[in-house]
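Printed here is work02.txt (compact mmCIF, C-alpha atoms and all ligand atoms):
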# COMPACT_ATOMS: atom_id res chain seq x y z
CA MET A 1 105.89 46.59 110.16
CA LEU A 2 104.16 44.65 112.97
CA ILE A 3 106.31 41.74 114.08
CA VAL A 4 105.02 38.74 116.07
CA ASP A 5 107.61 37.04 118.27
CA LYS A 6 106.45 33.42 118.01
CA GLU A 7 108.55 32.41 121.00
CA LYS A 8 106.74 34.86 123.27
CA CYS A 9 103.20 34.73 121.83
CA ILE A 10 100.85 32.68 124.04
CA GLY A 11 97.85 32.93 121.68
CA CYS A 12 95.72 34.68 124.33
CA GLY A 13 93.76 36.67 121.68
CA VAL A 14 93.96 40.04 123.49
CA CYS A 15 95.56 41.59 120.39
CA GLU A 16 92.75 40.24 118.18
CA ALA A 17 90.13 41.70 120.51
CA ASN A 18 91.87 45.09 120.60
CA CYS A 19 92.37 45.45 116.86
CA ALA A 20 89.75 47.81 115.42
CA PHE A 21 90.77 46.86 111.87
CA GLY A 22 90.45 43.08 112.00
CA ALA A 23 94.15 42.86 111.19
CA ILE A 24 95.12 40.14 113.68
CA THR A 25 93.80 36.64 114.15
CA VAL A 26 95.05 33.90 116.40
CA GLU A 27 95.80 30.78 114.40
CA ASP A 28 97.26 27.60 115.88
CA GLY A 29 98.00 29.38 119.16
CA CYS A 30 99.88 32.30 117.62
CA ALA A 31 98.94 35.81 116.39
CA VAL A 32 98.93 36.29 112.61
CA VAL A 33 98.90 39.76 111.05
CA ASN A 34 97.18 40.52 107.74
CA ASP A 35 97.46 43.48 105.35
CA ARG A 36 94.72 45.47 107.10
CA CYS A 37 97.24 46.46 109.80
CA THR A 38 97.59 50.26 110.08
CA LEU A 39 100.43 50.13 112.62
CA CYS A 40 98.22 51.96 115.12
CA GLY A 41 100.00 50.16 117.97
CA ALA A 42 96.89 49.28 120.03
CA CYS A 43 97.86 45.60 120.04
CA VAL A 44 101.45 46.32 121.08
CA GLU A 45 100.28 48.35 124.08
CA ASN A 46 97.95 45.54 125.21
CA CYS A 47 100.30 42.60 124.69
CA GLU A 48 101.35 41.49 128.17
CA PRO A 49 103.93 38.88 127.05
CA GLN A 50 105.46 41.62 124.81
CA ALA A 51 105.26 39.37 121.80
CA LEU A 52 104.40 42.22 119.41
CA ARG A 53 106.53 45.10 118.20
CA ILE A 54 106.45 47.66 115.41
CA GLU A 55 109.62 48.09 113.44
CA GLY A 56 110.45 50.79 110.94
CA ALA A 57 107.42 53.06 111.19
CA GLU A 58 107.86 53.48 114.92
CA LYS A 59 111.45 54.54 114.57
CA SER A 60 110.78 57.15 111.91
CA ASN A 61 107.76 58.63 113.74
CA LYS A 62 109.24 58.97 117.21
CA VAL A 63 110.51 62.46 117.93
CA ASN A 64 111.73 64.21 121.03
CA LEU A 65 108.44 65.77 122.12
CA ASP A 66 110.17 68.28 124.42
CA GLU A 67 111.68 70.04 121.43
CA TRP A 68 108.24 71.09 120.18
CA SER A 69 106.34 73.98 121.76
CA GLY A 70 103.60 76.48 120.93
CA ILE A 71 100.29 76.50 119.10
CA TRP A 72 100.06 77.61 115.46
CA VAL A 73 97.11 78.62 113.34
CA PHE A 74 97.36 78.81 109.56
CA ALA A 75 95.53 82.03 108.66
CA GLU A 76 94.20 81.68 105.13
CA PHE A 77 94.30 84.91 103.12
CA ARG A 78 92.20 85.00 99.93
CA HIS A 79 90.80 87.79 97.80
CA GLY A 80 92.33 90.44 100.06
CA VAL A 81 90.92 89.22 103.38
CA ILE A 82 91.69 86.70 106.11
CA ALA A 83 89.23 83.79 105.97
CA PRO A 84 86.88 84.01 109.01
CA VAL A 85 87.79 80.44 110.02
CA ALA A 86 91.26 81.74 110.97
CA PHE A 87 89.71 83.96 113.66
CA GLU A 88 87.64 81.01 114.88
CA LEU A 89 90.81 78.89 115.12
CA LEU A 90 92.62 81.67 116.97
CA GLY A 91 89.76 81.61 119.52
CA ALA A 92 90.25 77.86 119.99
CA GLY A 93 94.05 78.17 119.81
CA ARG A 94 94.06 80.86 122.52
CA LYS A 95 92.36 78.47 124.96
CA LEU A 96 94.84 75.68 124.11
CA ALA A 97 97.85 77.99 124.45
CA ASP A 98 96.65 79.37 127.79
CA ALA A 99 95.89 75.90 129.16
CA ARG A 100 99.36 74.70 128.14
CA GLY A 101 101.15 77.94 129.07
CA VAL A 102 102.67 78.48 125.61
CA SER A 103 102.37 81.12 122.91
CA LEU A 104 99.87 81.25 120.06
CA ALA A 105 101.14 82.15 116.60
CA ALA A 106 99.35 82.79 113.31
CA VAL A 107 101.01 82.04 109.98
CA VAL A 108 99.92 83.99 106.93
CA PHE A 109 101.08 83.71 103.30
CA GLY A 110 100.27 86.00 100.40
CA ASP A 111 101.08 89.17 98.51
CA GLY A 112 100.51 92.33 100.58
CA VAL A 113 99.50 90.40 103.70
CA GLU A 114 101.52 92.20 106.33
CA ALA A 115 98.65 94.59 107.08
CA ALA A 116 96.58 91.60 108.18
CA ALA A 117 98.95 90.86 111.07
CA ALA A 118 97.36 93.46 113.38
CA GLU A 119 93.94 91.85 112.90
CA LEU A 120 95.34 88.41 113.74
CA ILE A 121 96.90 89.79 116.92
CA ALA A 122 93.59 91.48 117.85
CA TYR A 123 91.93 88.06 117.54
CA GLY A 124 94.39 86.39 119.92
CA ALA A 125 97.77 85.72 118.26
CA ASP A 126 100.95 86.49 120.23
CA GLN A 127 103.10 86.26 117.11
CA VAL A 128 102.38 86.41 113.42
CA TYR A 129 104.72 84.78 110.92
CA VAL A 130 104.28 86.72 107.69
CA VAL A 131 105.47 85.36 104.36
CA ASP A 132 104.79 88.22 101.97
CA ASP A 133 105.84 87.73 98.36
CA PRO A 134 104.28 88.52 94.95
CA GLU A 135 104.84 84.84 94.09
CA LEU A 136 102.24 84.00 96.74
CA ALA A 137 99.48 86.12 95.21
CA GLN A 138 97.85 82.96 93.86
CA TYR A 139 97.38 79.81 95.89
CA ARG A 140 99.58 76.97 94.70
CA GLU A 141 99.50 73.79 96.69
CA ASP A 142 103.13 72.76 96.22
CA VAL A 143 104.51 76.18 97.20
CA TYR A 144 102.27 76.62 100.25
CA GLY A 145 103.06 73.07 101.36
CA ARG A 146 106.83 73.50 101.07
CA ILE A 147 106.87 76.86 102.91
CA MET A 148 104.68 75.58 105.73
CA GLU A 149 106.81 72.46 106.07
CA SER A 150 110.00 74.50 106.19
CA LEU A 151 108.59 76.91 108.82
CA ILE A 152 107.40 74.03 110.99
CA ARG A 153 110.78 72.29 110.77
CA ASP A 154 112.51 75.53 111.83
CA GLN A 155 110.18 76.61 114.64
CA ARG A 156 108.80 73.28 115.91
CA PRO A 157 105.29 74.13 117.08
CA GLU A 158 103.62 71.29 118.99
CA VAL A 159 100.18 71.96 117.44
CA VAL A 160 99.22 73.24 113.98
CA LEU A 161 95.58 74.09 113.21
CA ALA A 162 94.10 74.98 109.83
CA GLY A 163 90.64 75.58 108.41
CA ALA A 164 89.03 72.64 106.59
CA THR A 165 88.49 74.89 103.58
CA ALA A 166 89.30 73.93 100.00
CA ILE A 167 92.82 75.32 100.53
CA GLY A 168 93.39 73.81 103.98
CA ARG A 169 92.14 70.44 102.84
CA SER A 170 94.41 70.44 99.81
CA PHE A 171 97.81 71.37 101.24
CA ILE A 172 97.74 70.56 104.96
CA PRO A 173 97.73 66.75 104.41
CA GLN A 174 100.78 67.19 102.18
CA VAL A 175 102.58 69.00 105.03
CA ALA A 176 101.56 66.36 107.58
CA ASN A 177 102.79 63.62 105.30
CA ALA A 178 106.14 65.34 104.69
CA LEU A 179 106.64 65.75 108.45
CA ASN A 180 105.44 62.24 109.30
CA ALA A 181 102.91 63.89 111.60
CA GLY A 182 99.39 62.85 112.55
CA LEU A 183 96.53 64.87 111.08
CA THR A 184 92.92 64.77 112.22
CA ALA A 185 90.50 66.25 109.71
CA ASP A 186 87.24 68.07 110.51
CA CYS A 187 87.57 68.25 114.28
CA THR A 188 84.51 69.48 116.13
CA HIS A 189 86.22 69.94 119.50
CA LEU A 190 89.81 70.51 120.59
CA ALA A 191 91.32 70.33 124.07
CA ILE A 192 94.84 69.89 125.40
CA ARG A 193 96.33 67.94 128.31
CA PRO A 194 98.40 70.65 130.00
CA GLU A 195 100.96 68.27 131.52
CA ASP A 196 102.14 66.62 128.29
CA GLY A 197 100.65 68.85 125.58
CA MET A 198 98.58 66.01 124.10
CA LEU A 199 96.02 67.50 121.73
CA LEU A 200 92.64 65.80 122.20
CA GLN A 201 91.06 65.97 118.78
CA THR A 202 87.39 65.07 118.68
CA ARG A 203 85.56 64.38 115.44
CA PRO A 204 82.64 62.27 114.18
CA ALA A 205 83.60 58.72 113.22
CA PHE A 206 81.87 55.71 111.67
CA GLY A 207 79.50 57.78 109.54
CA GLY A 208 78.85 60.27 112.34
CA ASN A 209 77.41 57.68 114.69
CA ILE A 210 80.07 58.13 117.37
CA MET A 211 82.42 60.93 118.40
CA ALA A 212 86.05 59.79 118.55
CA THR A 213 88.82 61.58 120.44
CA ILE A 214 92.15 61.11 118.73
CA GLU A 215 95.64 61.56 120.16
CA CYS A 216 99.01 61.58 118.40
CA PRO A 217 101.30 60.31 121.17
CA HIS A 218 104.54 59.84 119.22
CA SER A 219 104.74 62.46 116.48
CA ARG A 220 104.92 66.23 116.32
CA PRO A 221 103.43 68.56 115.35
CA GLN A 222 99.90 67.45 116.13
CA MET A 223 97.90 68.70 113.17
CA ALA A 224 94.16 69.23 112.92
CA THR A 225 91.72 70.86 110.54
CA VAL A 226 88.43 72.40 111.67
CA ARG A 227 85.55 73.40 109.46
CA PRO A 228 84.39 77.00 109.29
CA LYS A 229 81.69 77.96 111.82
CA VAL A 230 82.39 75.08 114.19
CA MET A 231 84.31 77.17 116.73
CA ALA A 232 83.71 80.68 117.99
CA PRO A 233 86.20 83.54 117.58
CA MET A 234 87.13 85.72 120.58
CA PRO A 235 85.87 89.27 120.41
CA PRO A 236 88.72 91.23 118.74
CA ASP A 237 90.79 93.48 120.98
CA PRO A 238 92.60 96.10 118.85
CA SER A 239 94.75 97.10 121.83
CA ARG A 240 96.40 93.63 122.04
CA GLN A 241 100.14 93.67 121.34
CA GLY A 242 102.03 91.02 119.46
CA GLU A 243 105.16 90.35 117.46
CA VAL A 244 105.25 90.37 113.66
CA ILE A 245 107.94 88.06 112.29
CA ARG A 246 108.72 88.59 108.60
CA VAL A 247 109.99 85.40 107.00
CA GLU A 248 112.10 85.48 103.86
CA VAL A 249 111.82 82.21 102.01
CA PRO A 250 114.52 80.92 99.67
CA GLU A 251 113.61 81.28 96.00
CA GLY A 252 113.67 77.53 95.56
CA LEU A 253 110.64 77.14 97.81
CA LEU A 254 108.63 79.55 95.65
CA ARG A 255 109.20 77.62 92.44
CA SER A 256 106.15 75.71 91.31
CA ARG A 257 105.13 73.24 88.66
CA VAL A 258 101.73 74.95 88.67
CA GLU A 259 100.96 78.04 86.65
CA VAL A 260 97.74 79.79 87.65
CA LEU A 261 96.28 81.46 84.56
CA GLU A 262 93.28 83.07 86.20
CA SER A 263 91.34 82.87 89.42
CA VAL A 264 87.56 83.26 89.03
CA LEU A 265 84.92 83.31 91.75
CA SER A 266 82.36 80.57 91.18
CA LYS A 267 78.85 81.88 90.54
CA GLN A 268 77.48 79.05 92.65
CA ASP A 269 79.61 80.19 95.57
CA LYS A 270 78.37 83.77 95.36
CA VAL A 271 75.98 83.01 98.17
CA ASN A 272 78.01 81.38 100.88
CA ILE A 273 75.53 79.65 103.18
CA GLN A 274 78.10 79.79 105.98
CA GLU A 275 77.94 83.56 106.02
CA MET A 276 74.11 83.85 106.04
CA GLU A 277 72.11 84.66 109.17
CA ILE A 278 68.93 83.04 107.86
CA LEU A 279 68.75 79.74 105.98
CA VAL A 280 65.69 77.96 104.61
CA ALA A 281 66.75 74.37 103.99
CA GLY A 282 64.99 71.67 102.00
CA GLY A 283 65.27 67.91 101.89
CA ARG A 284 63.79 64.92 100.13
CA GLY A 285 60.34 66.02 101.31
CA LEU A 286 60.43 68.73 98.62
CA GLU A 287 59.92 65.97 96.04
CA ASN A 288 61.67 67.76 93.18
CA GLU A 289 63.65 70.79 92.00
CA LYS A 290 60.49 72.88 91.85
CA GLY A 291 60.01 72.48 95.58
CA PHE A 292 63.03 74.74 96.09
CA GLU A 293 61.17 77.61 94.40
CA LEU A 294 58.83 77.68 97.40
CA LEU A 295 61.82 77.84 99.74
CA ARG A 296 63.54 80.54 97.67
CA GLU A 297 60.44 82.73 97.98
CA LEU A 298 60.45 82.36 101.76
CA ALA A 299 64.22 82.91 101.95
CA ASP A 300 63.95 86.07 99.81
CA GLU A 301 61.24 87.46 102.08
CA LEU A 302 63.43 86.81 105.12
CA GLY A 303 66.62 88.10 103.50
CA GLY A 304 68.20 84.66 103.74
CA ALA A 305 69.45 81.92 101.43
CA VAL A 306 68.49 78.38 100.54
CA ALA A 307 70.32 75.34 101.91
CA ALA A 308 69.74 71.60 101.49
CA SER A 309 70.19 68.09 102.79
CA ARG A 310 72.41 65.66 100.95
CA ALA A 311 69.36 63.77 99.69
CA ALA A 312 68.23 66.91 97.84
CA VAL A 313 71.73 67.57 96.47
CA ASP A 314 72.22 63.94 95.40
CA SER A 315 68.87 64.10 93.59
CA GLY A 316 70.25 67.01 91.54
CA TRP A 317 67.67 69.51 92.79
CA ILE A 318 70.25 72.01 94.06
CA PRO A 319 74.05 72.27 93.69
CA TYR A 320 76.51 70.94 96.25
CA PRO A 321 77.64 74.31 97.71
CA HIS A 322 74.20 74.47 99.38
CA GLN A 323 74.62 71.15 101.20
CA VAL A 324 74.64 71.23 104.99
CA GLY A 325 76.12 68.41 107.05
CA GLN A 326 79.00 66.08 107.56
CA THR A 327 79.98 66.00 103.90
CA GLY A 328 78.66 69.49 103.21
CA LYS A 329 79.05 72.72 105.14
CA THR A 330 78.69 73.47 108.82
CA VAL A 331 76.44 76.47 109.36
CA CYS A 332 75.54 78.49 112.41
CA PRO A 333 72.83 80.97 111.34
CA LYS A 334 70.50 82.87 113.63
CA LEU A 335 67.52 81.09 112.04
CA TYR A 336 67.46 77.67 110.29
CA ILE A 337 64.16 76.53 108.82
CA ALA A 338 64.31 72.83 107.93
CA CYS A 339 61.59 71.80 105.47
CA GLY A 340 61.04 68.12 104.67
CA ILE A 341 64.34 67.12 106.30
CA SER A 342 64.31 64.11 108.62
CA GLY A 343 67.27 65.26 110.75
CA ALA A 344 69.71 62.38 110.21
CA ILE A 345 72.85 62.69 112.36
CA GLN A 346 74.97 63.52 109.29
CA HIS A 347 72.71 66.50 108.58
CA ALA A 348 72.33 67.51 112.23
CA VAL A 349 76.10 67.86 112.79
CA GLY A 350 76.09 70.64 110.21
CA MET A 351 73.27 72.75 111.62
CA GLN A 352 72.58 71.88 115.25
CA SER A 353 74.33 74.97 116.60
CA ALA A 354 71.94 77.35 114.78
CA GLU A 355 70.44 79.81 117.27
CA THR A 356 66.80 79.07 116.40
CA ILE A 357 65.68 75.98 114.49
CA VAL A 358 62.23 75.73 112.96
CA ALA A 359 61.36 72.27 111.63
CA ILE A 360 58.52 71.54 109.23
CA ASN A 361 57.83 67.84 108.77
CA ARG A 362 54.71 65.74 108.41
CA ASP A 363 56.17 62.94 110.51
CA PRO A 364 55.75 63.87 114.20
CA ASN A 365 58.52 61.40 115.11
CA ALA A 366 61.13 62.86 112.75
CA PRO A 367 64.46 63.29 114.62
CA ILE A 368 64.70 66.89 113.42
CA PHE A 369 62.07 67.75 116.06
CA ASP A 370 64.56 66.78 118.80
CA LEU A 371 66.70 69.72 117.69
CA ALA A 372 63.93 72.16 116.85
CA THR A 373 63.11 75.29 118.83
CA TYR A 374 59.73 75.39 117.04
CA SER A 375 58.15 72.24 115.59
CA LEU A 376 55.54 72.48 112.85
CA VAL A 377 53.99 69.09 112.12
CA GLY A 378 52.30 69.13 108.74
CA ASP A 379 52.67 69.34 105.00
CA LEU A 380 55.42 71.73 103.94
CA PHE A 381 53.57 72.51 100.70
CA GLU A 382 50.84 74.08 102.86
CA ILE A 383 52.95 75.55 105.66
CA VAL A 384 55.74 77.22 103.65
CA PRO A 385 53.41 79.34 101.42
CA LEU A 386 51.39 80.27 104.53
CA LEU A 387 54.55 81.50 106.25
CA THR A 388 55.68 83.43 103.17
CA ASN A 389 52.28 85.09 102.76
CA LYS A 390 52.10 85.96 106.45
CA ILE A 391 55.47 87.69 106.27
CA LYS A 392 54.40 89.59 103.13
CA GLU A 393 51.16 90.58 104.85
CA ASN A 394 52.99 91.86 107.91
CA ARG A 395 55.17 93.97 105.66
CA GLY A 396 52.05 95.41 103.98
CA ARG A 397 52.64 93.76 100.64
C1 LIG B 1 78.99 59.22 105.36
C2 LIG B 1 77.72 59.96 105.18
C3 LIG B 1 77.75 61.34 105.06
C4 LIG B 1 76.55 62.05 104.91
N1 LIG B 1 76.60 63.41 104.81
C5 LIG B 1 75.45 64.10 104.79
C6 LIG B 1 75.45 65.52 104.77
O1 LIG B 1 76.49 66.17 104.73
N2 LIG B 1 74.27 66.16 104.78
C7 LIG B 1 73.07 65.49 104.80
O2 LIG B 1 72.01 66.15 104.81
N3 LIG B 1 73.05 64.15 104.78
C8 LIG B 1 74.20 63.44 104.76
N4 LIG B 1 74.15 62.09 104.72
C9 LIG B 1 72.86 61.43 104.44
C10 LIG B 1 71.98 61.31 105.67
O3 LIG B 1 72.27 60.11 106.33
C11 LIG B 1 70.48 61.29 105.26
O4 LIG B 1 70.30 60.25 104.34
C12 LIG B 1 70.02 62.59 104.64
O5 LIG B 1 70.34 63.67 105.47
C13 LIG B 1 68.50 62.51 104.46
O6 LIG B 1 68.06 63.67 103.82
P1 LIG B 1 66.56 64.16 104.03
O7 LIG B 1 66.34 64.46 105.47
O8 LIG B 1 66.35 65.26 103.06
O9 LIG B 1 65.72 62.94 103.51
P2 LIG B 1 64.84 61.86 104.32
O10 LIG B 1 65.63 61.25 105.43
O11 LIG B 1 64.26 60.96 103.31
O12 LIG B 1 63.72 62.74 105.00
C14 LIG B 1 62.71 63.38 104.28
C15 LIG B 1 61.77 63.93 105.32
O13 LIG B 1 60.79 64.72 104.68
C16 LIG B 1 59.55 64.52 105.34
N5 LIG B 1 58.50 64.85 104.37
C17 LIG B 1 58.19 64.21 103.21
N6 LIG B 1 57.22 64.87 102.55
C18 LIG B 1 56.89 65.94 103.32
C19 LIG B 1 55.95 67.00 103.19
N7 LIG B 1 55.17 67.09 102.10
N8 LIG B 1 55.84 67.91 104.18
C20 LIG B 1 56.63 67.83 105.30
N9 LIG B 1 57.54 66.84 105.46
C21 LIG B 1 57.69 65.91 104.49
C22 LIG B 1 59.56 63.06 105.75
O14 LIG B 1 58.69 62.83 106.85
C23 LIG B 1 61.03 62.87 106.13
O15 LIG B 1 61.24 63.10 107.52
C24 LIG B 1 75.32 61.36 104.85
C25 LIG B 1 75.31 59.97 104.96
C26 LIG B 1 76.49 59.29 105.13
C27 LIG B 1 76.44 57.80 105.27

Could you take the file, read its structure, and then write that structure out as structure tokens?
Amino acid sequence: MLIVDKEKCIGCGVCEANCAFGAITVEDGCAVVNDRCTLCGACVENCEPQALRIEGAEKSNKVNLDEWSGIWVFAEFRHGVIAPVAFELLGAGRKLADARGVSLAAVVFGDGVEAAAAELIAYGADQVYVVDDPELAQYREDVYGRIMESLIRDQRPEVVLAGATAIGRSFIPQVANALNAGLTADCTHLAIRPEDGMLLQTRPAFGGNIMATIECPHSRPQMATVRPKVMAPMPPDPSRQGEVIRVEVPEGLLRSRVEVLESVLSKQDKVNIQEMEILVAGGRGLENEKGFELLRELADELGGAVAASRAAVDSGWIPYPHQVGQTGKTVCPKLYIACGISGAIQHAVGMQSAETIVAINRDPNAPIFDLATYSLVGDLFEIVPLLTNKIKENRGR
């Protein structure tokens, strides 16, 4: 709770100016707090007369930071393989661990997962915590959450990273909440201050219009999720040596209120746009569902898949798993052909790291052209069939 000491408050208004949430106003020469207060503490830090203090939340969050050390990556294991985002996080985690001079550990849960430890070490882990149990064959949020929480409490890593996948997004917030730790979702950049281990977590904020760098100064571990394809893995080195730590978990932690009857791969997810090297993406300029048939033809010729802007997904022309952008997927293909997409920032953040971007748009001022390697100004309904036919011709068909 944020307390105003009326004796000390001079009504200067610095707290009001520093509150990003509009939670403080100065009334009759004294600060007044409303229910929008998030206890972020910005006002307390800036209050020269020391008239503001946080009680309760501050006490429970403050931990001895020196007791926490090391960088952890949760390595998601599904359908018999480690999710590629784990290797990407190990690449990022390696840089953080080296900068801070601490070790990098991977944590993997599942049934028959021990064999995956060598791969995680090859991709940069110094240690791998393996929780291998038939009860972990199926993902269950409550069980994963409890085991992760218990491991973190025992080992006290200062940083925990996880993929912003369906699994990461569902159980990592539960762990952060149980530990009273800060969690920054969907980071696009991570760095660390070597002297105090502060994780600098950068992510889009305010609808993607600014990039914010977030710190968690009082709580540990510092937790962050990162979307697949945002960070690059290190090249694997099979000769790297590391330690495999087998963790036995008490039976109580494996008990769940959830019974998984069957796990079925979604047909829609059969083509994962994040794994494709070539994507032909369509936006509102396609005008309707039929427009995507043109794109599918081009994608088939190129051996790629079809992706979309949110406008196309919201219009019901193509299902959500094809959406690229802030609220869709982040992709990094070799070739991204954007057809009838304006290039709004929320779309751009999901595709701007593609190796080659071809943009087709009839508006020469469309922002997508600022990102494009090749800009084709014109009507997509003319250009796309021309491209498809040219490719067919070159292949002698
Ligand atoms: C919080 C938030 C999250 C968001 N998340 C996402 C996200 O994840 N992904 C995303 O894509 N968007 C997202 N958006 C929406 C985003 O702001 C844009 O509204 C959206 O990307 C626009 O889609 P578009 O480019 O297809 O449509 P428009 O902006 O309407 O652009 C259509 C383009 O097609 C061109 N065009 C029209 N007809 C033709 C033609 N015949 N030939 C050639 N060109 C033509 C036009 O010149 C225009 O540039 C988000 C928005 C918010 C606020």

Neighbourhood of ligand LIG 1 (chain B) at 9 Å, counting only C-alpha atoms and all ligand atoms, reported as a ChimeraX atom specification: /A:206-208,282-287,308-313,323-330,338-350,360-368,376-383

Counting all atoms listed in the file, the residue of A:Glu88, A:Asp186, A:Glu277, A:Glu135 that sits nearest Phe109 (chain A): A:Glu135

Best match for closeness to Gln127 (chain A) among A:Ala86, A:Ile245, A:Val108, A:Ile214, counting all atoms listed in the file: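 The shortest atom-to-atom distance to Gln127 (chain A) comes from A:Ile245.
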
Who sits within 12 Å of region 18-25 of chain A, all atoms listed in the file, same chain under 3 positions skipped, as a PyMOL selection string: chain A and resi 2-4+11-15+28-47+52+206

Selection as a VMD selection string: residues within 9 Å of (110.0, 64.3, 115.8), counting all atoms listed in the file: chain A and resid 60 to 65 67 to 68 179 to 181 218 to 221

CA of Asn209 (chain A) to CA of Val230 (chain A), straight-line distance in Å: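 Computed distance, CA of Val230 (chain A) to CA of Asn209 (chain A), equals 18.1 Å.
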
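Take the candidates A:Leu120, A:Val107, A:Ala75, A:Ala17 and check each one against Pro238 (chain A) using only C-alpha atoms; the shortest distance goes to A:Leu120.
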
Selection: 12 Å around Leu89 (chain A), all atoms listed in the file, excl. self and same-chain fewer than 6 positions, as a PyMOL selection string: chain A and resi 71-76+82-83+95-97+104-107+120+123-125+159-164+187-190+224-234

Using all atoms listed in the file: which of A:Ala166, A:Ile172, A:Leu151, A:Gln138 has the shortest distance to Leu261 (chain A):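 Using all atoms listed in the file, Leu261 (chain A) sits closest to A:Gln138.
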
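Going from CA of Val130 (chain A) to CA of Gly112 (chain A) covers 9.8 Å.
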
Mind rebuilding region 342-353 of chain A with N, CA and C atoms and writing that out as an mmCIF file, in the frame of the given file?
data_model
loop_
_atom_site.group_PDB
_atom_site.id
_atom_site.type_symbol
_atom_site.label_atom_id
_atom_site.label_comp_id
_atom_site.auth_asym_id
_atom_site.auth_seq_id
_atom_site.Cartn_x
_atom_site.Cartn_y
_atom_site.Cartn_z
ATOM 1 N N SER A 342 64.595 65.005 107.493
ATOM 2 C CA SER A 342 64.310 64.110 108.620
ATOM 3 C C SER A 342 65.162 64.425 109.846
ATOM 4 N N GLY A 343 66.404 64.936 109.609
ATOM 5 C CA GLY A 343 67.270 65.260 110.750
ATOM 6 C C GLY A 343 68.235 64.127 111.059
ATOM 7 N N ALA A 344 68.702 63.438 110.018
ATOM 8 C CA ALA A 344 69.710 62.380 110.210
ATOM 9 C C ALA A 344 70.947 63.006 110.852
ATOM 10 N N ILE A 345 71.691 62.178 111.602
ATOM 11 C CA ILE A 345 72.850 62.690 112.360
ATOM 12 C C ILE A 345 73.833 63.419 111.434
ATOM 13 N N GLN A 346 74.001 62.895 110.207
ATOM 14 C CA GLN A 346 74.970 63.520 109.290
ATOM 15 C C GLN A 346 74.511 64.902 108.844
ATOM 16 N N HIS A 347 73.208 65.148 108.867
ATOM 17 C CA HIS A 347 72.710 66.500 108.580
ATOM 18 C C HIS A 347 72.797 67.354 109.844
ATOM 19 N N ALA A 348 72.381 66.757 110.959
ATOM 20 C CA ALA A 348 72.330 67.510 112.230
ATOM 21 C C ALA A 348 73.686 68.088 112.609
ATOM 22 N N VAL A 349 74.783 67.337 112.377
ATOM 23 C CA VAL A 349 76.100 67.860 112.790
ATOM 24 C C VAL A 349 76.445 69.158 112.078
ATOM 25 N N GLY A 350 75.791 69.410 110.961
ATOM 26 C CA GLY A 350 76.090 70.640 110.210
ATOM 27 C C GLY A 350 75.238 71.826 110.566
ATOM 28 N N MET A 351 74.165 71.617 111.373
ATOM 29 C CA MET A 351 73.270 72.750 111.620
ATOM 30 C C MET A 351 72.787 72.873 113.056
ATOM 31 N N GLN A 352 73.201 71.925 113.907
ATOM 32 C CA GLN A 352 72.580 71.880 115.250
ATOM 33 C C GLN A 352 72.948 73.073 116.133
ATOM 34 N N SER A 353 73.984 73.822 115.747
ATOM 35 C CA SER A 353 74.330 74.970 116.600
ATOM 36 C C SER A 353 73.650 76.261 116.126
#
